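Chemist: This is the structure I have questions about; it appears just below.
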Number of protein chains: 2
Amino acid sequence: MSEFTAYSIIAAKKNKKELSYKEIKWFVDSAVSGKVHKYQLSALLMAIYLNGMSTEETAHLTRVMLDSGEKLKFRGHHYVDKHSTGGIGDKASFILGPIAAACGVKVPMIAGRGLGHTGGTIDKIESVKGFKTGIDSKKFKELLKKNDFVLSAQTKKITPADGLIYSIRDVTATIESIPLITASIMSKKLAEGANGIVMDIKTGSGSFMKTSKRATELAKSILGTAKQFNKGATALLTDMSQPLGNKVGNSLEIIESLDTLKGNGPEDLTKLSVELAAHMVLLAKKAKNIKEARTKCIEVIENQKAYDLFRKVVASQGGKLSSLDNLEVAKTKTCVLARTSGYIKSFKNDVIGLKLVDLGGGRKVAGEKIDHAVGFDFHKKIGDQVKKGEKILTIFHHKKQNTLARKIKKEFQDDIILISKTKTNKPKLIQKVMSL
Amino acid sequence: MSEFTAYSIIAAKKNKKELSYKEIKWFVDSAVSGKVHKYQLSALLMAIYLNGMSTEETAHLTRVMLDSGEKLKFRGHHYVDKHSTGGIGDKASFILGPIAAACGVKVPMIAGRGLGHTGGTIDKIESVKGFKTGIDSKKFKELLKKNDFVLSAQTKKITPADGLIYSIRDVTATIESIPLITASIMSKKLAEGANGIVMDIKTGSGSFMKTSKRATELAKSILGTAKQFNKGATALLTDMSQPLGNKVGNSLEIIESLDTLKGNGPEDLTKLSVELAAHMVLLAKKAKNIKEARTKCIEVIENQKAYDLFRKVVASQGGKLSSLDNLEVAKTKTCVLARTSGYIKSFKNDVIGLKLVDLGGGRKVAGEKIDHAVGFDFHKKIGDQVKKGEKILTIFHHKKQNTLARKIKKEFQDDIILISKTKTNKPKLIQKVMSL
């Protein structure tokens with residue numbers, strides 16, 4: 001007989017008691033094996049949501065989730081990955097990965113697919129024909145050794161406990177819990193073998209953590225957990241009140257990533273990618289300070305080493321370079337024009353993600369196929385002046401979607417993008433840098 | 001498509017929003033039909049546990065649970081029942097039911113079985129051979145018309161939503177939630193057709209609501225819900241820091257009930273039964289004030305009308321009067337003696353319930369058979385003086401349980417009953433009376 005029961009552990013958390021490592025381990029392992037019922041798991045998750053978890057408890061949960069599956073282990077500071085809480089037009093992984101790798105960092109990146117208003121790194125890279133994202137751990141190690149950067153989808157063998165817990169959180173309104181988010185992110189990053197992690201925590205209308213306060217809490221929780229595991233970590237709080245870069249949509253985002261790797265990217269995307277990569281370089285001890293790290297990152301863009309490395313990764317993982325150079329973009333364009341003169345005031349960023357879903361570029365439910373060719377190209381950003389009749393963005397869609405595109409155009413004009421008469425400040429891209 | 005989703009309703013309660021009747025109805029009905037998953041129900045229950053429910057929400061939940069099953073309806077104030085939150089040696093139903101009925105009240109009593117440290121009214125009455133507790137609604141009405149008091153077990157047709165919700169609460173540590181307890185009790189009492197309800201809310205070591213504050217909260221919640229349904233209600237907060245009466249165990253409790261109906265019962269049990277019955281008589285408008293109601297109740301004990309009515313009920317429901325007059329009690333006795341002289345200070349009342357379970361007189365899990373013959377007879381109560389070597393209680397058990405009885409005897413002496421050198425006050429039996 002075990003010393004624990006599901007009841008006593010739920011009751012303890014419900015009564016705001018701190019759970020021990022053994023209690024969390026017993027509960028999660030029993031939930032995975034089916035001994036603890038899903039309805040007991042969901043009760044515990046709601047109690048955690050409402051009563052919280054200490055840094056120690058969060059680390060225990062992370063450890064238990066990590067230990068539930070396959071783990072990669074690498075030796076050395078130079079195995080560093082980035083994780084983003086996700087946002088509209090966030091294609092920084094494709095840029096910072098090659099930059100950091102070209103600076104001597106090993107980047108073992110395991111990423112996810114999109115759902116709802118957020119796109120997924122794996123969906124975007126699959127715009128390139130032939131690119132394989134289902135990579136087993138043996139091949140993963142080989143590719144990392146050869147290319148310094150590997151980009152793989154999460155398999156069921158990695159943190160299966162997270163898979164179960166996430167599936168329950170998703171339907172019981174317990175997603176936005178800082179300890180649960182922390183354990184979910186950190187268990188996956190630790191399972192892929194990263195010894196350092198740079199967190200890009202988005203704030204604003206298109207993000208998970210809508211307020212700066214919540215984003216700061218999440219950053220502290222992630223850093224605290226990294227410390228418990230003796231891993232290096234840095235967290236950046238960055239703006240997500242408008243799309244990152246100009247392009248939104250799968251193929252379009254890969255095209256913009258290539259432009260950025262060649263030094264021709266939009267200012268915000270370039271700046272953020274360099275900054276995140278620089279912090280990875282610093283954690284990997286490949287530079288003495290952040291300034292030197294930044295200089296190195298800019299250098300590998302200028303000398304095209306990062307661009308070349310990305311092409312090598314694509315080819316190594318089965319992607320056709322001919323497809324990469326000729327990514328399919330939907331042919332029909334519908335332009336959204338400013339109805340009045342003024343300054344761009346705000347974007348309803350999460351709604352933009354949903355409009356991409358309407359066009360087929362994202363999914364409503366897990367497992368749905370997506371259309372890589374559709375998307376948006378934004379010509380104006382917050383603070384930019386616009387004249388009445390001037391193009392704000394272009395919608396790329398298929399001819400048969402003409403009616404839908406006109407509807408979306410109207411929604412952009414009515415509601416999604418607001419224009420004000422008075423001048424608006426541009427949002428600060430990098431709001432805060434926090435480290436251990 | 002419904003306008004509701006399980007997710008949005010869970011999220012609302014999680015965010016401390018008040019749920020509407022329609023939301024609660026949709027959620028509970030969908031849970032009963034299986035459209036909403038048990039793990040979503042348990043998440044909502046935990047959110048209700050931690051964030052509470054308003055009086056209106058509690059009434060909505062009561063209504064929805066009531067409407068989920070079969071309902072009896074009777075016209076008139078004089079249909080009144082009692083409900084107790086349960087305690088050790090609580091056999092008041094067998095006494096107050098006949099008393100109230102003999103005073104002109106119609107008592108449609110639906111009761112439950114025991115689990116864990118609390119015994120069940122239905123288990124106790126089944127000590128009488130032949131007594132039928134599974135009564136359908138047609139027969140229930142007939143018996144009530146004929147006998148004025150009917151005692152039946154809850155069927156699956158009554159408040160099936162409560163059955164489902166209770167089964168989930170039981171394994172997710174969400175039992176002790178005042179709105180959930182209220183809805184569970186009130187939906188059942190309303191389903192049996194009672195137009196007035198007297199609540200006996202126990203406080204102290206053997207009770208559900210350990211503190212007077214919690215007991216008062218529950219009383220207020222019950223009264224508030226009764227008001228929403230235009231039902232009469234009175235709540236009594238009564239002591240459960242020691243067994244009620246002297247006898248604990250199924251047959252033993254029926255024997256003590258008969259003694260009490262004949263006017264020879266222990267003081268506390270007699271007083272409480274008369275007081276609860278008097279409040280039923282008052283709610284039924286069969287007396288002008290509580291004093292007159294009390295006088296009437298005492299009268300029907302003295303003239304044996306209540307005793308005769310009980311025997312009639314037993315016979316009408318199939319119980320053999322020969323069995324009632326010769327209830328089986330285990331033959332072997334083990335006496336628990338005082339180790340020191342002094343005054344009885346306290347009882348660990350809930351542990352007494354568990355010791356009865358150890359002897360087989362209660363059940364660990366639902367559905368287990370129980371032994372009606374075993375039990376305890378307490379000779380001393382809190383505040384009583386005892387001399388070293390004097391009998392405090394007698395354990396009634398079977399011969400093969402000698403070793404177990406010795407172990408239980410030692411536990412009583414070590415831990416369950418404390419004796420102090422200094423005089424202790426007797427606890428106040430009826431602590432508070434609250435009405436609408």
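Residues in the structure tokens are numbered from 1 in each chain, the chains being A, B, ... in the order shown, and ligands are numbered from 1 in the order shown.
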Determine, counting only C-alpha atoms, which protein, DNA and RNA residues have an atom within 10 Å of an atom of segment 97-103 of chain B; residues of the same chain fewer than 2 positions away are not included. Present the result as JSON, numbers by chain.
Modeler: {"B": [78, 79, 80, 81, 82, 92, 93, 94, 95, 105, 106, 107, 108, 109, 144, 147, 148, 149, 150, 151, 261, 273, 274, 276, 277, 278, 279, 280, 281, 282, 284, 286, 287, 293, 296, 297, 298, 299, 300, 301, 304, 305, 306, 307, 308, 309, 310, 311, 312, 313]}
Chemist: Using only C-alpha atoms and a distance of at most 9 Å, pull out the residues of chain A that contact chain B, as an MDAnalysis selection string.
Modeler: chainID A and resid 6:11 14 37:47 49:51 168 170:174
Chemist: What parts of segment 266-375 of chain A does DSSP call strand (DSSP E or B)? I'd like the answer as a ChimeraX atom specification.
Modeler: /A:332-337,342-347,375
Chemist: Could you write out the selected residues, including C-alpha atoms, as a PDB file, in the first residue's frame?
Modeler:
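After the write, again15.pdb holds the following:
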ATOM      1  CA  THR A 332      -4.766  36.818 -54.819  1.00  0.00           C
ATOM      2  CA  LYS A 333      -4.216  40.018 -52.871  1.00  0.00           C
ATOM      3  CA  THR A 334      -6.790  42.122 -51.061  1.00  0.00           C
ATOM      4  CA  CYS A 335      -5.509  45.418 -49.740  1.00  0.00           C
ATOM      5  CA  VAL A 336      -6.758  46.970 -46.523  1.00  0.00           C
ATOM      6  CA  LEU A 337      -6.773  50.770 -46.881  1.00  0.00           C
ATOM      7  CA  GLY A 342      -3.978  59.756 -38.688  1.00  0.00           C
ATOM      8  CA  TYR A 343      -1.647  57.476 -36.759  1.00  0.00           C
ATOM      9  CA  ILE A 344      -1.898  53.730 -36.175  1.00  0.00           C
ATOM     10  CA  LYS A 345      -3.013  53.463 -32.557  1.00  0.00           C
ATOM     11  CA  SER A 346      -3.488  49.761 -31.839  1.00  0.00           C
ATOM     12  CA  PHE A 347      -3.902  46.227 -33.161  1.00  0.00           C
ATOM     13  CA  GLY A 375      -1.398  35.284 -44.673  1.00  0.00           C
TER      14      GLY A 375
END
Chemist: Under the rule that only C-alpha atoms are counted, which of A:Ala235, A:Ala338, A:Val32, A:Ile178 is the nearest residue to Ile48 of chain A?
Modeler: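 Using only C-alpha atoms, the shortest distance to Ile48 of chain A belongs to A:Ile178.
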Chemist: Of the candidates A:Glu267, A:Asp136, A:Asp29, A:Asp90, which shows the shortest atom-to-atom distance to Gly120 of chain A, using only C-alpha atoms?
Modeler: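 With only C-alpha atoms as the atom set, the closest residue is A:Asp90.
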Chemist: In Å, how far is it from atom CA of Glu292 of chain A to atom CA of Leu244 of chain A?
Modeler: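 Atom CA of Leu244 of chain A lies at a distance of 25.1 Å from atom CA of Glu292 of chain A.
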Chemist: List the spatial neighbours of Asp123 of chain A as a list of chain:residue names - criterion: any atom at most 9 Å away, only C-alpha atoms, same-chain residues fewer than 2 positions off excluded.
Modeler: A:Gly112, A:Arg113, A:Gly114, A:Gly119, A:Gly120, A:Thr121, A:Ile125, A:Glu126, A:Ser127, A:Asn250, A:Gly362, A:Ile370, A:His372
Chemist: Give me a file of those residues, with N, CA and C atoms, as a PDB file, in the first residue's frame.
Modeler:
ATOM      1  N   GLY A 112       6.651  23.328 -31.024  1.00  0.00           N
ATOM      2  CA  GLY A 112       5.293  22.799 -31.117  1.00  0.00           C
ATOM      3  C   GLY A 112       4.536  23.283 -32.338  1.00  0.00           C
ATOM      4  N   ARG A 113       3.301  22.825 -32.434  1.00  0.00           N
ATOM      5  CA  ARG A 113       2.410  23.236 -33.506  1.00  0.00           C
ATOM      6  C   ARG A 113       1.472  24.316 -32.991  1.00  0.00           C
ATOM      7  N   GLY A 114       0.796  24.976 -33.938  1.00  0.00           N
ATOM      8  CA  GLY A 114      -0.105  26.052 -33.568  1.00  0.00           C
ATOM      9  C   GLY A 114      -1.494  25.547 -33.225  1.00  0.00           C
ATOM     10  N   GLY A 119       0.327  30.695 -33.875  1.00  0.00           N
ATOM     11  CA  GLY A 119       0.917  29.809 -34.863  1.00  0.00           C
ATOM     12  C   GLY A 119       1.981  28.946 -34.215  1.00  0.00           C
ATOM     13  N   GLY A 120       2.472  27.954 -34.962  1.00  0.00           N
ATOM     14  CA  GLY A 120       3.477  27.063 -34.402  1.00  0.00           C
ATOM     15  C   GLY A 120       4.720  27.036 -35.268  1.00  0.00           C
ATOM     16  N   THR A 121       5.877  27.003 -34.604  1.00  0.00           N
ATOM     17  CA  THR A 121       7.165  26.959 -35.294  1.00  0.00           C
ATOM     18  C   THR A 121       7.229  25.768 -36.258  1.00  0.00           C
ATOM     19  N   ILE A 125       7.844  25.902 -40.438  1.00  0.00           N
ATOM     20  CA  ILE A 125       8.987  25.324 -41.154  1.00  0.00           C
ATOM     21  C   ILE A 125       8.518  24.264 -42.155  1.00  0.00           C
ATOM     22  N   GLU A 126       7.349  23.662 -41.895  1.00  0.00           N
ATOM     23  CA  GLU A 126       6.826  22.682 -42.843  1.00  0.00           C
ATOM     24  C   GLU A 126       6.320  23.326 -44.139  1.00  0.00           C
ATOM     25  N   SER A 127       6.377  24.651 -44.243  1.00  0.00           N
ATOM     26  CA  SER A 127       6.150  25.328 -45.531  1.00  0.00           C
ATOM     27  C   SER A 127       7.205  24.900 -46.542  1.00  0.00           C
ATOM     28  N   ASN A 250       2.288  31.119 -42.626  1.00  0.00           N
ATOM     29  CA  ASN A 250       3.387  30.157 -42.559  1.00  0.00           C
ATOM     30  C   ASN A 250       4.515  30.406 -43.566  1.00  0.00           C
ATOM     31  N   GLY A 362      -4.256  28.572 -39.895  1.00  0.00           N
ATOM     32  CA  GLY A 362      -4.053  28.050 -38.535  1.00  0.00           C
ATOM     33  C   GLY A 362      -5.150  27.053 -38.255  1.00  0.00           C
ATOM     34  N   ILE A 370      -3.310  22.534 -42.257  1.00  0.00           N
ATOM     35  CA  ILE A 370      -3.333  23.980 -42.458  1.00  0.00           C
ATOM     36  C   ILE A 370      -2.828  24.333 -43.851  1.00  0.00           C
ATOM     37  N   HIS A 372      -0.401  26.608 -45.903  1.00  0.00           N
ATOM     38  CA  HIS A 372       0.812  27.398 -45.666  1.00  0.00           C
ATOM     39  C   HIS A 372       0.877  28.679 -46.480  1.00  0.00           C
TER      40      HIS A 372
END
Chemist: Got a sec: who's within 9 Å of His60 of chain B, counting only C-alpha atoms, leaving out chain neighbours fewer than 4 positions off, as a PyMOL selection string?
Modeler: chain B and resi 19-22+24-25+55-56+64-65+183
Chemist: Selection from above, N, CA, C and O atoms, as a compact mmCIF listing (two decimals), in the first residue's frame, can you write it?
Modeler:
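The resulting file, part.txt, is reproduced below:
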# COMPACT_ATOMS: atom_id res chain seq x y z
N LEU B 19 -22.60 32.51 -11.46
CA LEU B 19 -23.17 31.74 -12.57
C LEU B 19 -24.69 31.95 -12.61
O LEU B 19 -25.34 32.05 -11.57
N SER B 20 -25.24 31.97 -13.82
CA SER B 20 -26.68 32.14 -13.97
C SER B 20 -27.37 30.77 -13.84
O SER B 20 -26.72 29.72 -13.92
N TYR B 21 -28.69 30.82 -13.66
CA TYR B 21 -29.47 29.58 -13.62
C TYR B 21 -29.22 28.77 -14.88
O TYR B 21 -28.99 27.55 -14.83
N LYS B 22 -29.25 29.43 -16.05
CA LYS B 22 -29.07 28.73 -17.32
C LYS B 22 -27.71 28.06 -17.43
O LYS B 22 -27.59 26.96 -17.96
N ILE B 24 -25.77 27.03 -14.90
CA ILE B 24 -25.71 25.89 -13.97
C ILE B 24 -26.54 24.73 -14.52
O ILE B 24 -26.11 23.57 -14.51
N LYS B 25 -27.71 25.05 -15.06
CA LYS B 25 -28.60 24.02 -15.60
C LYS B 25 -27.91 23.29 -16.76
O LYS B 25 -27.89 22.06 -16.82
N THR B 55 -26.09 33.05 -2.53
CA THR B 55 -27.37 32.42 -2.17
C THR B 55 -28.17 32.08 -3.42
O THR B 55 -28.78 31.00 -3.51
N GLU B 56 -28.15 33.00 -4.41
CA GLU B 56 -28.91 32.76 -5.65
C GLU B 56 -28.32 31.57 -6.41
O GLU B 56 -29.06 30.70 -6.88
N VAL B 64 -31.72 22.86 -10.05
CA VAL B 64 -31.27 22.00 -11.15
C VAL B 64 -31.14 20.54 -10.68
O VAL B 64 -31.56 19.61 -11.38
N MET B 65 -30.59 20.35 -9.48
CA MET B 65 -30.43 19.00 -8.95
C MET B 65 -31.80 18.38 -8.64
O MET B 65 -32.04 17.21 -8.94
N ALA B 183 -27.03 22.48 -1.44
CA ALA B 183 -27.78 22.03 -2.62
C ALA B 183 -28.07 20.54 -2.53
O ALA B 183 -29.15 20.08 -2.92
Chemist: Taking the backbone alone, and naming residues the way the document does, which bits of segment 87-329 of chain B are helix (DSSP H, G or I) by DSSP, as a PyMOL selection string?
Modeler: chain B and resi 93-102+121-125+137-147+160-169+178-191+212-228+250-261+267-283+290-302+305-316+321-325
Chemist: Residues as selected, C-alpha atoms, written as a compact mmCIF listing (two decimals), in the first residue's frame, can you do that?
Modeler:
# COMPACT_ATOMS: atom_id res chain seq x y z
CA SER B 93 -35.08 10.44 13.54
CA PHE B 94 -36.69 7.31 15.02
CA ILE B 95 -37.99 9.34 17.94
CA LEU B 96 -38.90 12.74 16.49
CA GLY B 97 -40.54 11.21 13.38
CA PRO B 98 -43.22 9.34 15.38
CA ILE B 99 -43.56 12.24 17.87
CA ALA B 100 -44.19 14.81 15.14
CA ALA B 101 -46.51 12.44 13.27
CA ALA B 102 -48.47 11.76 16.45
CA THR B 121 -30.55 5.95 9.51
CA ILE B 122 -31.41 3.32 6.90
CA ASP B 123 -28.74 0.91 8.19
CA LYS B 124 -30.02 1.30 11.72
CA ILE B 125 -33.69 0.61 10.94
CA SER B 137 -43.15 6.91 -4.92
CA LYS B 138 -46.65 5.44 -5.19
CA LYS B 139 -46.17 3.27 -2.12
CA PHE B 140 -44.47 6.18 -0.34
CA LYS B 141 -47.58 8.35 -0.77
CA GLU B 142 -49.86 5.54 0.40
CA LEU B 143 -47.79 4.91 3.51
CA LEU B 144 -47.58 8.59 4.33
CA LYS B 145 -51.36 8.90 4.06
CA LYS B 146 -51.88 5.87 6.25
CA ASN B 147 -49.16 6.29 8.89
CA PRO B 160 -29.63 11.66 -9.85
CA ALA B 161 -27.53 14.80 -10.43
CA ASP B 162 -26.79 14.83 -6.70
CA GLY B 163 -25.73 11.19 -6.95
CA LEU B 164 -23.22 12.01 -9.69
CA ILE B 165 -21.94 15.20 -8.06
CA TYR B 166 -21.62 13.56 -4.66
CA SER B 167 -19.66 10.63 -6.10
CA ILE B 168 -17.14 13.07 -7.61
CA ARG B 169 -16.96 15.30 -4.50
CA ILE B 178 -21.27 24.95 2.17
CA PRO B 179 -23.09 25.69 -1.12
CA LEU B 180 -22.55 22.12 -2.34
CA ILE B 181 -23.75 20.64 0.98
CA THR B 182 -26.76 22.96 0.92
CA ALA B 183 -27.78 22.03 -2.62
CA SER B 184 -27.30 18.33 -1.89
CA ILE B 185 -29.46 18.39 1.27
CA MET B 186 -32.11 20.78 -0.01
CA SER B 187 -32.60 19.13 -3.40
CA LYS B 188 -33.31 15.82 -1.65
CA LYS B 189 -35.64 17.33 0.94
CA LEU B 190 -37.53 19.23 -1.76
CA ALA B 191 -37.75 16.07 -3.90
CA SER B 212 -19.63 26.86 15.43
CA LYS B 213 -18.77 29.49 12.80
CA ARG B 214 -18.96 26.95 9.95
CA ALA B 215 -22.13 25.44 11.38
CA THR B 216 -23.74 28.90 11.49
CA GLU B 217 -22.70 29.53 7.88
CA LEU B 218 -24.29 26.26 6.80
CA ALA B 219 -27.47 27.13 8.74
CA LYS B 220 -27.68 30.51 7.00
CA SER B 221 -27.12 28.90 3.61
CA ILE B 222 -29.86 26.29 4.21
CA LEU B 223 -32.30 28.90 5.49
CA GLY B 224 -31.52 31.21 2.57
CA THR B 225 -32.14 28.44 0.07
CA ALA B 226 -35.38 27.37 1.78
CA LYS B 227 -36.54 31.00 1.50
CA GLN B 228 -35.84 31.02 -2.23
CA ASN B 250 -27.28 -0.26 14.78
CA SER B 251 -29.48 -2.56 16.92
CA LEU B 252 -28.39 -0.77 20.10
CA GLU B 253 -29.57 2.55 18.71
CA ILE B 254 -33.02 1.19 17.81
CA ILE B 255 -33.29 -0.26 21.33
CA GLU B 256 -32.44 3.15 22.81
CA SER B 257 -34.93 4.83 20.46
CA LEU B 258 -37.71 2.56 21.71
CA ASP B 259 -36.73 3.31 25.30
CA THR B 260 -36.86 7.02 24.55
CA LEU B 261 -40.27 6.75 22.84
CA GLU B 267 -31.77 12.96 29.00
CA ASP B 268 -29.86 14.50 26.08
CA LEU B 269 -31.46 12.30 23.42
CA THR B 270 -34.94 12.91 24.82
CA LYS B 271 -34.42 16.65 25.04
CA LEU B 272 -33.03 16.98 21.52
CA SER B 273 -35.69 14.74 19.94
CA VAL B 274 -38.48 16.69 21.64
CA GLU B 275 -36.96 20.02 20.65
CA LEU B 276 -36.53 19.05 16.98
CA ALA B 277 -40.02 17.53 16.87
CA ALA B 278 -41.46 20.67 18.48
CA HIS B 279 -39.93 22.84 15.75
CA MET B 280 -41.47 20.49 13.16
CA VAL B 281 -44.85 20.84 14.89
CA LEU B 282 -44.44 24.62 14.87
CA LEU B 283 -43.50 24.75 11.16
CA ILE B 290 -42.73 26.56 20.63
CA LYS B 291 -43.84 26.11 24.24
CA GLU B 292 -47.17 24.65 23.20
CA ALA B 293 -45.40 22.51 20.59
CA ARG B 294 -43.05 21.11 23.24
CA THR B 295 -45.96 20.29 25.55
CA LYS B 296 -47.71 18.40 22.73
CA CYS B 297 -44.54 16.44 21.95
CA ILE B 298 -44.05 15.44 25.57
CA GLU B 299 -47.70 14.44 25.75
CA VAL B 300 -47.45 11.93 22.87
CA ILE B 301 -44.50 10.31 24.62
CA GLU B 302 -46.36 10.11 27.91
CA LYS B 305 -49.05 7.58 20.99
CA ALA B 306 -45.62 8.16 19.45
CA TYR B 307 -44.41 4.70 20.52
CA ASP B 308 -47.51 3.05 19.07
CA LEU B 309 -47.17 5.04 15.84
CA PHE B 310 -43.57 3.86 15.45
CA ARG B 311 -44.65 0.21 15.86
CA LYS B 312 -47.38 0.76 13.28
CA VAL B 313 -44.84 2.22 10.82
CA VAL B 314 -42.49 -0.72 11.39
CA ALA B 315 -45.27 -3.23 10.80
CA SER B 316 -46.61 -1.34 7.74
CA LEU B 321 -42.53 -6.70 15.60
CA SER B 322 -41.07 -9.84 17.15
CA SER B 323 -37.70 -8.77 15.77
CA LEU B 324 -38.21 -5.18 17.00
CA ASP B 325 -38.85 -6.49 20.51
Chemist: Just checking: using only C-alpha atoms, which residue out of B:Met209, B:Met240, B:Ala366, B:Val28 ends up closest to Ser68 of chain B?
Modeler: B:Val28
Chemist: One number please: atom CA of Asn246 of chain B to atom CA of Met434 of chain B, in Å, one decimal.
Modeler: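 Spanning atom CA of Asn246 of chain B to atom CA of Met434 of chain B is a straight-line distance of 27.1 Å.
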Chemist: Need to verify the contact set: Gly318 of chain B, 7 Å, only C-alpha atoms, exclusion of same-chain residues closer than 4 positions in sequence. Can you return it as a PyMOL selection string?
Modeler: chain B and resi 130-132+314
Chemist: Generate the output file for the selected residues, N, CA, C and O atoms, as an mmCIF file, in the first residue's frame.
Modeler:
data_model
loop_
_atom_site.group_PDB
_atom_site.id
_atom_site.type_symbol
_atom_site.label_atom_id
_atom_site.label_comp_id
_atom_site.auth_asym_id
_atom_site.auth_seq_id
_atom_site.Cartn_x
_atom_site.Cartn_y
_atom_site.Cartn_z
ATOM 1 N N GLY B 130 -37.012 -7.685 8.112
ATOM 2 C CA GLY B 130 -38.149 -7.503 7.223
ATOM 3 C C GLY B 130 -38.454 -6.054 6.848
ATOM 4 O O GLY B 130 -39.195 -5.818 5.888
ATOM 5 N N PHE B 131 -37.915 -5.107 7.597
ATOM 6 C CA PHE B 131 -38.224 -3.695 7.330
ATOM 7 C C PHE B 131 -37.770 -3.317 5.921
ATOM 8 O O PHE B 131 -36.611 -3.476 5.560
ATOM 9 N N LYS B 132 -38.722 -2.819 5.105
ATOM 10 C CA LYS B 132 -38.408 -2.471 3.715
ATOM 11 C C LYS B 132 -38.131 -0.978 3.606
ATOM 12 O O LYS B 132 -38.957 -0.147 3.975
ATOM 13 N N VAL B 314 -43.354 0.454 11.566
ATOM 14 C CA VAL B 314 -42.492 -0.722 11.389
ATOM 15 C C VAL B 314 -43.294 -1.861 10.760
ATOM 16 O O VAL B 314 -42.876 -2.446 9.752
#
Chemist: Mind pulling up the distance from atom CA of Leu236 of chain A to atom CA of Arg63 of chain A?
Modeler: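 Here the two named atoms are 23.9 Å from each other.
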Chemist: Return the single residue from B:Asn303, B:Lys16, B:Lys35, B:Lys426 that is closest to Lys262 of chain B, with distances computed using only C-alpha atoms.
Modeler: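 Going through B:Asn303, B:Lys16, B:Lys35, B:Lys426 one by one, the smallest distance to Lys262 of chain B is for B:Asn303.
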